[in-house]
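Content type compact mmCIF, C-alpha atoms, from the file upload16.txt:
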```
# COMPACT_ATOMS: atom_id res chain seq x y z
CA MET A 1422 -30.15 19.56 -52.47
CA ASN A 1423 -27.16 18.09 -50.67
CA TYR A 1424 -27.10 14.34 -50.14
CA GLN A 1425 -28.38 14.62 -46.56
CA GLU A 1426 -31.51 16.42 -47.79
CA ILE A 1427 -31.97 13.81 -50.50
CA ASN A 1428 -31.82 11.05 -47.89
CA ALA A 1429 -34.25 12.82 -45.56
CA LYS A 1430 -36.82 13.19 -48.35
CA THR A 1431 -36.23 9.61 -49.50
CA ILE A 1432 -36.80 8.20 -46.02
CA ASP A 1433 -39.91 10.36 -45.58
CA ARG A 1434 -41.31 8.79 -48.75
CA TRP A 1435 -40.32 5.27 -47.66
CA VAL A 1436 -42.21 5.79 -44.39
CA GLU A 1437 -45.32 6.89 -46.27
CA GLU A 1438 -45.00 3.75 -48.41
CA GLY A 1439 -44.87 1.45 -45.36
CA TRP A 1440 -41.12 1.05 -44.77
CA GLU A 1441 -40.52 -1.57 -42.07
CA TRP A 1442 -38.16 0.67 -40.09
CA GLY A 1443 -40.71 3.47 -40.11
CA LYS A 1444 -43.62 1.59 -38.52
CA PRO A 1445 -44.15 2.61 -34.88
CA ILE A 1446 -44.83 -0.05 -32.27
CA ASP A 1447 -48.44 -0.61 -31.23
CA HIS A 1448 -49.81 0.00 -27.75
CA GLU A 1449 -49.62 -3.65 -26.76
CA VAL A 1450 -45.86 -3.74 -27.39
CA TRP A 1451 -45.45 -0.66 -25.19
CA VAL A 1452 -47.52 -2.23 -22.39
CA ARG A 1453 -45.41 -5.39 -22.52
CA ALA A 1454 -42.28 -3.27 -22.24
CA VAL A 1455 -43.68 -1.57 -19.14
CA GLN A 1456 -44.22 -5.07 -17.73
CA GLY A 1457 -40.59 -6.00 -18.52
CA SER A 1458 -40.97 -7.96 -21.78
CA TRP A 1459 -39.16 -6.21 -24.64
CA GLU A 1460 -36.52 -6.33 -27.34
CA VAL A 1461 -34.90 -3.79 -29.67
CA TYR A 1462 -32.68 -4.05 -32.73
CA LEU A 1463 -29.49 -2.34 -33.87
CA THR A 1464 -29.29 -4.55 -36.98
CA PRO A 1465 -31.94 -6.37 -39.04
CA THR A 1466 -32.47 -9.76 -37.38
CA LYS A 1467 -30.73 -10.11 -33.98
CA PRO A 1468 -32.15 -8.40 -30.88
CA VAL A 1469 -29.64 -6.51 -28.75
CA PRO A 1470 -28.63 -8.45 -25.60
CA LYS A 1471 -30.31 -6.91 -22.56
CA SER A 1472 -26.99 -7.13 -20.74
CA TRP A 1473 -25.71 -4.39 -23.06
CA PHE A 1474 -28.03 -1.83 -21.44
CA GLY A 1475 -27.95 -2.21 -17.69
CA ALA A 1476 -30.67 -0.48 -15.69
CA LEU A 1477 -32.32 2.26 -17.73
CA ARG A 1478 -34.63 3.85 -15.17
CA GLY A 1479 -33.69 7.48 -14.70
CA LYS A 1480 -30.91 7.33 -17.32
CA ARG A 1481 -30.65 9.90 -20.12
CA VAL A 1482 -30.82 8.08 -23.46
CA LEU A 1483 -30.17 9.56 -26.90
CA GLY A 1484 -31.64 7.81 -29.93
CA LEU A 1485 -29.26 8.94 -32.65
CA ALA A 1486 -30.86 8.65 -36.10
CA SER A 1487 -33.30 6.38 -34.26
CA GLY A 1488 -36.67 7.87 -35.16
CA GLY A 1489 -39.66 5.80 -36.17
CA GLY A 1490 -41.32 5.07 -32.85
CA GLN A 1491 -39.72 1.64 -32.47
CA GLN A 1492 -36.90 1.81 -29.94
CA MET A 1493 -37.34 5.03 -27.98
CA PRO A 1494 -40.85 4.10 -26.74
CA ILE A 1495 -39.35 0.93 -25.26
CA PHE A 1496 -36.69 2.89 -23.39
CA ALA A 1497 -39.32 5.34 -22.15
CA ALA A 1498 -41.44 2.42 -20.94
CA LEU A 1499 -38.41 1.22 -18.97
CA GLY A 1500 -38.12 4.57 -17.22
CA ALA A 1501 -35.42 6.30 -19.26
CA LYS A 1502 -35.41 10.02 -20.00
CA CYS A 1503 -35.35 9.99 -23.78
CA THR A 1504 -34.20 12.27 -26.56
CA VAL A 1505 -34.46 11.30 -30.22
CA LEU A 1506 -32.56 12.99 -33.03
CA ASP A 1507 -33.38 12.25 -36.67
CA TYR A 1508 -33.33 14.03 -40.03
CA SER A 1509 -36.61 12.53 -41.27
CA GLU A 1510 -39.76 14.48 -40.41
CA LYS A 1511 -41.88 11.36 -40.91
CA GLN A 1512 -39.75 9.32 -38.52
CA LEU A 1513 -40.12 12.03 -35.90
CA GLU A 1514 -43.88 12.18 -36.47
CA SER A 1515 -43.99 8.51 -35.49
CA GLU A 1516 -42.17 9.35 -32.25
CA ARG A 1517 -44.75 12.04 -31.43
CA LEU A 1518 -47.61 9.68 -32.28
CA VAL A 1519 -46.47 6.97 -29.87
CA ALA A 1520 -45.55 9.41 -27.08
CA ASP A 1521 -48.95 11.11 -27.30
CA ARG A 1522 -50.76 7.78 -27.46
CA ASP A 1523 -48.97 6.16 -24.54
CA GLY A 1524 -48.51 9.25 -22.39
CA TYR A 1525 -44.78 9.70 -21.88
CA GLU A 1526 -42.43 12.61 -22.48
CA ILE A 1527 -39.66 12.60 -25.08
CA GLU A 1528 -37.47 15.36 -26.46
CA ILE A 1529 -37.73 15.30 -30.27
CA ILE A 1530 -35.07 17.05 -32.35
CA ARG A 1531 -34.76 17.28 -36.12
CA ALA A 1532 -31.07 17.62 -36.93
CA ASP A 1533 -28.33 16.35 -39.22
CA MET A 1534 -25.89 13.99 -37.50
CA THR A 1535 -23.15 14.99 -39.95
CA LYS A 1536 -23.07 18.32 -38.05
CA PRO A 1537 -22.04 18.89 -34.41
CA LEU A 1538 -24.74 17.44 -32.19
CA PRO A 1539 -26.89 20.10 -30.47
CA PHE A 1540 -26.08 18.91 -26.96
CA SER A 1541 -23.68 19.92 -24.21
CA ASP A 1542 -20.70 17.79 -23.27
CA ALA A 1543 -21.49 14.79 -21.04
CA SER A 1544 -25.27 15.00 -21.55
CA PHE A 1545 -26.23 11.31 -21.89
CA ASP A 1546 -25.76 7.98 -20.15
CA LEU A 1547 -26.44 5.91 -23.28
CA ILE A 1548 -26.61 6.45 -27.04
CA PHE A 1549 -28.61 4.03 -29.20
CA HIS A 1550 -27.54 4.34 -32.82
CA PRO A 1551 -29.09 1.69 -35.12
CA VAL A 1552 -27.92 1.16 -38.72
CA SER A 1553 -27.96 4.59 -40.33
CA ASN A 1554 -24.40 5.82 -40.83
CA CYS A 1555 -24.44 4.10 -44.23
CA TYR A 1556 -26.22 7.32 -45.29
CA VAL A 1557 -23.26 9.44 -44.17
CA GLU A 1558 -19.97 9.99 -45.98
CA ASP A 1559 -17.80 10.60 -42.88
CA VAL A 1560 -18.50 8.42 -39.83
CA ARG A 1561 -15.44 9.35 -37.76
CA SER A 1562 -16.95 12.75 -36.92
CA ILE A 1563 -20.07 10.99 -35.61
CA TRP A 1564 -18.02 8.83 -33.26
CA ARG A 1565 -16.21 11.90 -31.94
CA GLU A 1566 -19.51 13.66 -31.25
CA CYS A 1567 -20.93 10.58 -29.54
CA PHE A 1568 -17.89 10.49 -27.27
CA ARG A 1569 -18.28 14.18 -26.46
CA VAL A 1570 -21.96 14.09 -25.48
CA LEU A 1571 -21.69 10.89 -23.40
CA LYS A 1572 -21.01 11.12 -19.69
CA PRO A 1573 -17.87 9.40 -18.35
CA GLY A 1574 -18.75 5.72 -18.15
CA GLY A 1575 -21.51 6.21 -20.75
CA ILE A 1576 -22.37 3.52 -23.30
CA LEU A 1577 -22.61 3.72 -27.09
CA LEU A 1578 -24.64 0.97 -28.80
CA SER A 1579 -24.26 1.14 -32.58
CA GLY A 1580 -25.35 -0.89 -35.59
CA THR A 1581 -23.39 -0.52 -38.81
CA ASP A 1582 -23.48 -1.83 -42.37
CA HIS A 1583 -20.53 -3.88 -43.55
CA TYR A 1584 -19.07 -3.05 -46.95
CA VAL A 1585 -20.19 -6.46 -48.31
CA ASN A 1586 -23.60 -5.16 -49.43
CA TYR A 1587 -21.91 -2.55 -51.58
CA ILE A 1588 -19.69 -4.79 -53.68
CA VAL A 1589 -22.39 -7.09 -55.10
CA ASP A 1590 -25.06 -6.62 -57.74
CA GLU A 1591 -28.77 -6.36 -56.90
CA SER A 1592 -29.23 -10.16 -57.06
CA GLU A 1593 -26.18 -10.59 -54.78
CA GLU A 1594 -24.53 -13.00 -57.19
CA LYS A 1595 -21.69 -10.99 -58.73
CA ILE A 1596 -19.05 -8.64 -57.38
CA ILE A 1597 -19.43 -5.47 -59.44
CA ASN A 1598 -18.12 -2.57 -57.34
CA HIS A 1599 -14.76 -1.51 -56.01
CA LEU A 1600 -14.41 0.00 -52.55
CA PRO A 1601 -14.96 2.44 -51.10
CA PHE A 1602 -18.50 2.78 -52.44
CA ASN A 1603 -18.95 6.54 -52.65
CA PRO A 1604 -21.59 7.79 -55.09
CA LEU A 1605 -20.45 11.39 -54.64
CA LYS A 1606 -17.22 10.42 -56.39
CA ASN A 1607 -18.50 7.69 -58.70
CA PRO A 1608 -21.42 8.46 -61.08
CA GLU A 1609 -21.98 4.77 -61.88
CA GLN A 1610 -22.47 3.99 -58.20
CA MET A 1611 -24.89 6.90 -57.88
CA LYS A 1612 -26.85 5.48 -60.83
CA GLN A 1613 -27.03 2.07 -59.12
CA LEU A 1614 -28.54 3.69 -56.01
CA THR A 1615 -30.95 5.83 -58.00
CA ASP A 1616 -32.17 2.89 -60.08
CA ALA A 1617 -32.77 0.83 -56.92
CA ASP A 1618 -34.33 3.75 -54.98
CA CYS A 1619 -31.79 3.42 -52.15
CA GLY A 1620 -31.10 7.05 -51.34
CA VAL A 1621 -27.45 8.08 -51.17
CA GLN A 1622 -25.40 5.46 -49.35
CA PHE A 1623 -21.72 4.88 -48.59
CA SER A 1624 -19.62 1.86 -47.67
CA HIS A 1625 -17.43 2.11 -44.58
CA SER A 1626 -14.45 -0.02 -43.65
CA LEU A 1627 -13.91 -1.69 -40.29
CA GLU A 1628 -11.12 0.84 -39.82
CA GLU A 1629 -13.75 3.59 -40.01
CA GLN A 1630 -16.37 1.82 -37.90
CA ILE A 1631 -14.29 0.08 -35.23
CA GLY A 1632 -11.09 2.06 -35.59
CA GLY A 1633 -13.05 5.31 -35.65
CA GLN A 1634 -14.62 4.54 -32.28
CA LEU A 1635 -11.25 3.60 -30.79
CA GLU A 1636 -9.70 6.79 -32.18
CA ALA A 1637 -12.49 8.80 -30.55
CA GLY A 1638 -11.52 7.31 -27.18
CA PHE A 1639 -14.06 4.50 -26.74
CA ILE A 1640 -13.31 1.12 -25.22
CA MET A 1641 -15.13 -1.61 -27.15
CA THR A 1642 -16.65 -4.18 -24.80
CA ASP A 1643 -18.70 -6.47 -27.07
CA ILE A 1644 -19.60 -7.09 -30.69
CA TYR A 1645 -21.77 -9.33 -32.89
CA GLU A 1646 -22.49 -9.76 -36.59
CA ASP A 1647 -25.81 -10.02 -38.40
CA THR A 1648 -27.12 -10.74 -41.90
CA ASN A 1649 -29.60 -9.06 -44.21
CA GLU A 1650 -33.20 -10.07 -43.54
CA VAL A 1651 -33.63 -11.62 -46.99
CA GLY A 1652 -31.65 -12.34 -50.14
CA ARG A 1653 -28.83 -14.59 -51.26
CA LEU A 1654 -26.24 -13.27 -48.80
CA HIS A 1655 -28.68 -13.95 -45.96
CA GLU A 1656 -29.41 -17.45 -47.26
CA LEU A 1657 -25.67 -18.17 -47.39
CA GLY A 1658 -25.19 -16.86 -43.86
CA ILE A 1659 -22.80 -14.12 -44.95
CA PRO A 1660 -22.67 -11.34 -42.33
CA THR A 1661 -23.37 -7.86 -43.65
CA PHE A 1662 -23.96 -5.91 -40.43
CA LEU A 1663 -22.06 -5.29 -37.22
CA ALA A 1664 -23.36 -4.31 -33.77
CA MET A 1665 -20.98 -2.83 -31.21
CA ARG A 1666 -21.07 -1.96 -27.52
CA SER A 1667 -18.53 0.68 -26.55
CA LYS A 1668 -17.86 2.59 -23.35
CA LYS A 1669 -16.51 6.04 -22.64
CA PRO A 1670 -13.87 5.63 -19.91
CA ASP A 1671 -14.91 6.71 -16.39
```
Go ahead and render the structure in this file as structure tokens.
Amino acid sequence: MNYQEINAKTIDRWVEEGWEWGKPIDHEVWVRAVQGSWEVYLTPTKPVPKSWFGALRGKRVLGLASGGGQQMPIFAALGAKCTVLDYSEKQLESERLVADRDGYEIEIIRADMTKPLPFSDASFDLIFHPVSNCYVEDVRSIWRECFRVLKPGGILLSGTDHYVNYIVDESEEKIINHLPFNPLKNPEQMKQLTDADCGVQFSHSLEEQIGGQLEAGFIMTDIYEDTNEVGRLHELGIPTFLAMRSKKPD
């Protein structure tokens, strides 16, 4: 298996074991969203500002690596025309479950975001891309594809993992790794991931995450940092995640 297939199977298993990011919202959350009370997350602890979205009714929204039945049902409840793309069958099953339960339509596509996205140019008004490109070796190609499939004036909302999580040991007390963290090139780093059951993950610099979006042509309009949900880095208030709002020029 290539590393993408390893990650898809790993996430499928995590979902079966009760992974937090694989639990679909319940019907009551969907009803509240229909009534205008909602929040979604790009990173672990901070909800995305509603001002980042604008009006969603009638807009075409792509959930990129955003399966799990957590965010896309909210956007559907707000009147968006939704498409979700994910590599995990179990995450997509959750999307079908919620859509069938709550009676809305969603286009569900199993695909690998390391490949060209299966959409025409200028297909979407908004892309919602929560933390997931830590499972991808090359993120710059993802930013280029996001730029391509967005309409002029379209918005990219992305959550990304800082490199900080990849330099420390499991107890988050010692710096043990050099950067970049790339298990395909470093057997010891692959062993760390295997021992901790973390799939195949990669660190990415701010040059790759922010600079990669700018290179693709985006204009960055807002940004915030976030911490892990638990652990020593979280307790010390050390940011480990980044959320970005970027726009494709009109």
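Between CA of Leu1600 in chain A and CA of Thr1661 in chain A lies a distance of 14.9 Å.
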At a cut-off of 6 Å, can you tabulate as a tab-separated table every residue of range 1483-1585 of chain A near range 1441-1453 of chain A together with its closest atom pair and the distance in Å to one decimal, using all atoms listed in the file and ordering rows by chain then number?
```
residue	atom	partner	partner_atom	distance
A:Gly1489	CA	A:Gly1443	CA	4.7
A:Gly1490	CA	A:Pro1445	CA	4.3
A:Gln1491	CA	A:Pro1445	CA	5.1
A:Ser1515	CA	A:Pro1445	CA	5.9
```
Go through range 1557-1670 of chain A residue by residue and, counting all atoms listed in the file, keep those with an atom at most 10 Å from range 1529-1542 of chain A; for each kept residue give the shortest atom pair and its distance in Å to one decimal, ordered by chain and increasing number, as a tab-separated table.
```
residue	atom	partner	partner_atom	distance
A:Val1557	CA	A:Thr1535	CA	7.0
A:Glu1558	CA	A:Thr1535	CA	8.5
A:Asp1559	CA	A:Thr1535	CA	7.5
A:Val1560	CA	A:Thr1535	CA	8.0
A:Arg1561	CA	A:Thr1535	CA	9.8
A:Ser1562	CA	A:Thr1535	CA	7.3
A:Ile1563	CA	A:Thr1535	CA	6.7
A:Arg1565	CA	A:Pro1537	CA	9.4
A:Glu1566	CA	A:Leu1538	CA	6.5
A:Cys1567	CA	A:Leu1538	CA	8.3
A:Phe1568	CA	A:Asp1542	CA	8.8
A:Arg1569	CA	A:Asp1542	CA	5.4
A:Val1570	CA	A:Asp1542	CA	4.5
A:Leu1571	CA	A:Asp1542	CA	7.0
A:Lys1572	CA	A:Asp1542	CA	7.6
```
May I ask for the distance between CA of Pro1601 in chain A and CA of Gln1634 in chain A, given in Å to one decimal place?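 Calculated distance between CA of Pro1601 in chain A and CA of Gln1634 in chain A is 18.9 Å.
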Separation of CA of Ser1579 in chain A from CA of Trp1435 in chain A in Å: 22.4 Å
Could you name the residues that touch range 1498-1512 of chain A at 9 Å or less, counting all atoms listed in the file, but leaving out those on the same chain fewer than 2 positions away, as a short mmCIF file (atom, residue, chain, number, x, y, z; two decimals) with C-alpha atoms, in the frame of the given file?
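Writing the result to part.cif gives the following:
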```
data_model
loop_
_atom_site.label_atom_id
_atom_site.label_comp_id
_atom_site.auth_asym_id
_atom_site.auth_seq_id
_atom_site.Cartn_x
_atom_site.Cartn_y
_atom_site.Cartn_z
CA GLN A 1425 -28.38 14.62 -46.56
CA GLU A 1426 -31.51 16.42 -47.79
CA ASN A 1428 -31.82 11.05 -47.89
CA ALA A 1429 -34.25 12.82 -45.56
CA LYS A 1430 -36.82 13.19 -48.35
CA THR A 1431 -36.23 9.61 -49.50
CA ILE A 1432 -36.80 8.20 -46.02
CA ASP A 1433 -39.91 10.36 -45.58
CA ARG A 1434 -41.31 8.79 -48.75
CA VAL A 1436 -42.21 5.79 -44.39
CA GLU A 1437 -45.32 6.89 -46.27
CA TRP A 1442 -38.16 0.67 -40.09
CA GLY A 1443 -40.71 3.47 -40.11
CA LYS A 1444 -43.62 1.59 -38.52
CA PRO A 1445 -44.15 2.61 -34.88
CA TRP A 1451 -45.45 -0.66 -25.19
CA VAL A 1452 -47.52 -2.23 -22.39
CA ARG A 1453 -45.41 -5.39 -22.52
CA ALA A 1454 -42.28 -3.27 -22.24
CA VAL A 1455 -43.68 -1.57 -19.14
CA GLN A 1456 -44.22 -5.07 -17.73
CA GLY A 1457 -40.59 -6.00 -18.52
CA ALA A 1476 -30.67 -0.48 -15.69
CA LEU A 1477 -32.32 2.26 -17.73
CA ARG A 1478 -34.63 3.85 -15.17
CA GLY A 1479 -33.69 7.48 -14.70
CA LYS A 1480 -30.91 7.33 -17.32
CA ARG A 1481 -30.65 9.90 -20.12
CA VAL A 1482 -30.82 8.08 -23.46
CA LEU A 1483 -30.17 9.56 -26.90
CA GLY A 1484 -31.64 7.81 -29.93
CA LEU A 1485 -29.26 8.94 -32.65
CA ALA A 1486 -30.86 8.65 -36.10
CA SER A 1487 -33.30 6.38 -34.26
CA GLY A 1488 -36.67 7.87 -35.16
CA GLY A 1489 -39.66 5.80 -36.17
CA GLY A 1490 -41.32 5.07 -32.85
CA MET A 1493 -37.34 5.03 -27.98
CA PRO A 1494 -40.85 4.10 -26.74
CA ILE A 1495 -39.35 0.93 -25.26
CA PHE A 1496 -36.69 2.89 -23.39
CA GLU A 1514 -43.88 12.18 -36.47
CA SER A 1515 -43.99 8.51 -35.49
CA GLU A 1516 -42.17 9.35 -32.25
CA TYR A 1525 -44.78 9.70 -21.88
CA GLU A 1526 -42.43 12.61 -22.48
CA ILE A 1527 -39.66 12.60 -25.08
CA GLU A 1528 -37.47 15.36 -26.46
CA ILE A 1529 -37.73 15.30 -30.27
CA ILE A 1530 -35.07 17.05 -32.35
CA ARG A 1531 -34.76 17.28 -36.12
CA ALA A 1532 -31.07 17.62 -36.93
CA ASP A 1533 -28.33 16.35 -39.22
CA MET A 1534 -25.89 13.99 -37.50
#
```
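Minimum atom-to-atom distance to Ile1588 in chain A, evaluated using all atoms listed in the file, belongs to A:Ser1624 out of A:Gln1492, A:Ser1667, A:Ser1624, A:Thr1464.
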For the point (-28.5, -14.2, -55.7) in file coordinates, what residues are within 9 Å, counting all atoms listed in the file? Give the answer as a list of chain:residue names?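 So the residues meeting the distance criterion are A:Asp1590, A:Glu1591, A:Ser1592, A:Glu1593, A:Glu1594, A:Lys1595, A:Gly1652, A:Arg1653, A:Leu1654.
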Generate the output file for the selected residues, C-alpha atoms, as a PDB file, keeping the file's coordinate frame.
```
ATOM      1  CA  ASP A1590     -25.060  -6.620 -57.740  1.00  0.00           C
ATOM      2  CA  GLU A1591     -28.770  -6.360 -56.900  1.00  0.00           C
ATOM      3  CA  SER A1592     -29.230 -10.160 -57.060  1.00  0.00           C
ATOM      4  CA  GLU A1593     -26.180 -10.590 -54.780  1.00  0.00           C
ATOM      5  CA  GLU A1594     -24.530 -13.000 -57.190  1.00  0.00           C
ATOM      6  CA  LYS A1595     -21.690 -10.990 -58.730  1.00  0.00           C
ATOM      7  CA  GLY A1652     -31.650 -12.340 -50.140  1.00  0.00           C
ATOM      8  CA  ARG A1653     -28.830 -14.590 -51.260  1.00  0.00           C
ATOM      9  CA  LEU A1654     -26.240 -13.270 -48.800  1.00  0.00           C
TER      10      LEU A1654
END
```
Residue contacts of range 1635-1651 of chain A (7 Å, all atoms listed in the file) excluding same-chain residues fewer than 4 positions away, as a list of chain:residue names: A:Thr1464, A:Pro1465, A:Thr1466, A:Lys1467, A:Trp1564, A:Arg1565, A:Phe1568, A:Ile1631, A:His1655, A:Gly1658, A:Ile1659, A:Pro1660, A:Thr1661, A:Phe1662, A:Leu1663, A:Ala1664, A:Met1665, A:Arg1666, A:Ser1667, A:Lys1668, A:Lys1669, A:Pro1670
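For the set A:Val1585, A:Met1611, A:Leu1578, A:Ile1597, the residue with the smallest atom-to-atom gap to Val1469 in chain A is A:Leu1578, counting only C-alpha atoms.
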Tell me, as a ChimeraX atom specification, which residues lie within 12 Å of Gln1610 in chain A, counting only C-alpha atoms; anything in the same chain fewer than 5 positions away does not count. /A:1587-1590,1597-1605,1615-1617,1619-1624
Expected residue set, 9 Å radius at (-36.8, -7.8, -25.9), all atoms listed in the file, as a PDB file with C-alpha atoms, keeping the file's coordinate frame:
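Just written: part.pdb:
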```
ATOM      1  CA  ALA A1454     -42.280  -3.270 -22.240  1.00  0.00           C
ATOM      2  CA  GLY A1457     -40.590  -6.000 -18.520  1.00  0.00           C
ATOM      3  CA  SER A1458     -40.970  -7.960 -21.780  1.00  0.00           C
ATOM      4  CA  TRP A1459     -39.160  -6.210 -24.640  1.00  0.00           C
ATOM      5  CA  GLU A1460     -36.520  -6.330 -27.340  1.00  0.00           C
ATOM      6  CA  VAL A1461     -34.900  -3.790 -29.670  1.00  0.00           C
ATOM      7  CA  TYR A1462     -32.680  -4.050 -32.730  1.00  0.00           C
ATOM      8  CA  PRO A1468     -32.150  -8.400 -30.880  1.00  0.00           C
ATOM      9  CA  VAL A1469     -29.640  -6.510 -28.750  1.00  0.00           C
ATOM     10  CA  PRO A1470     -28.630  -8.450 -25.600  1.00  0.00           C
ATOM     11  CA  LYS A1471     -30.310  -6.910 -22.560  1.00  0.00           C
TER      12      LYS A1471
END
```
Gly1574 in chain A proximity check over A:Leu1614, A:Leu1463, A:Ala1543, A:Val1552, using only C-alpha atoms: winner is A:Ala1543
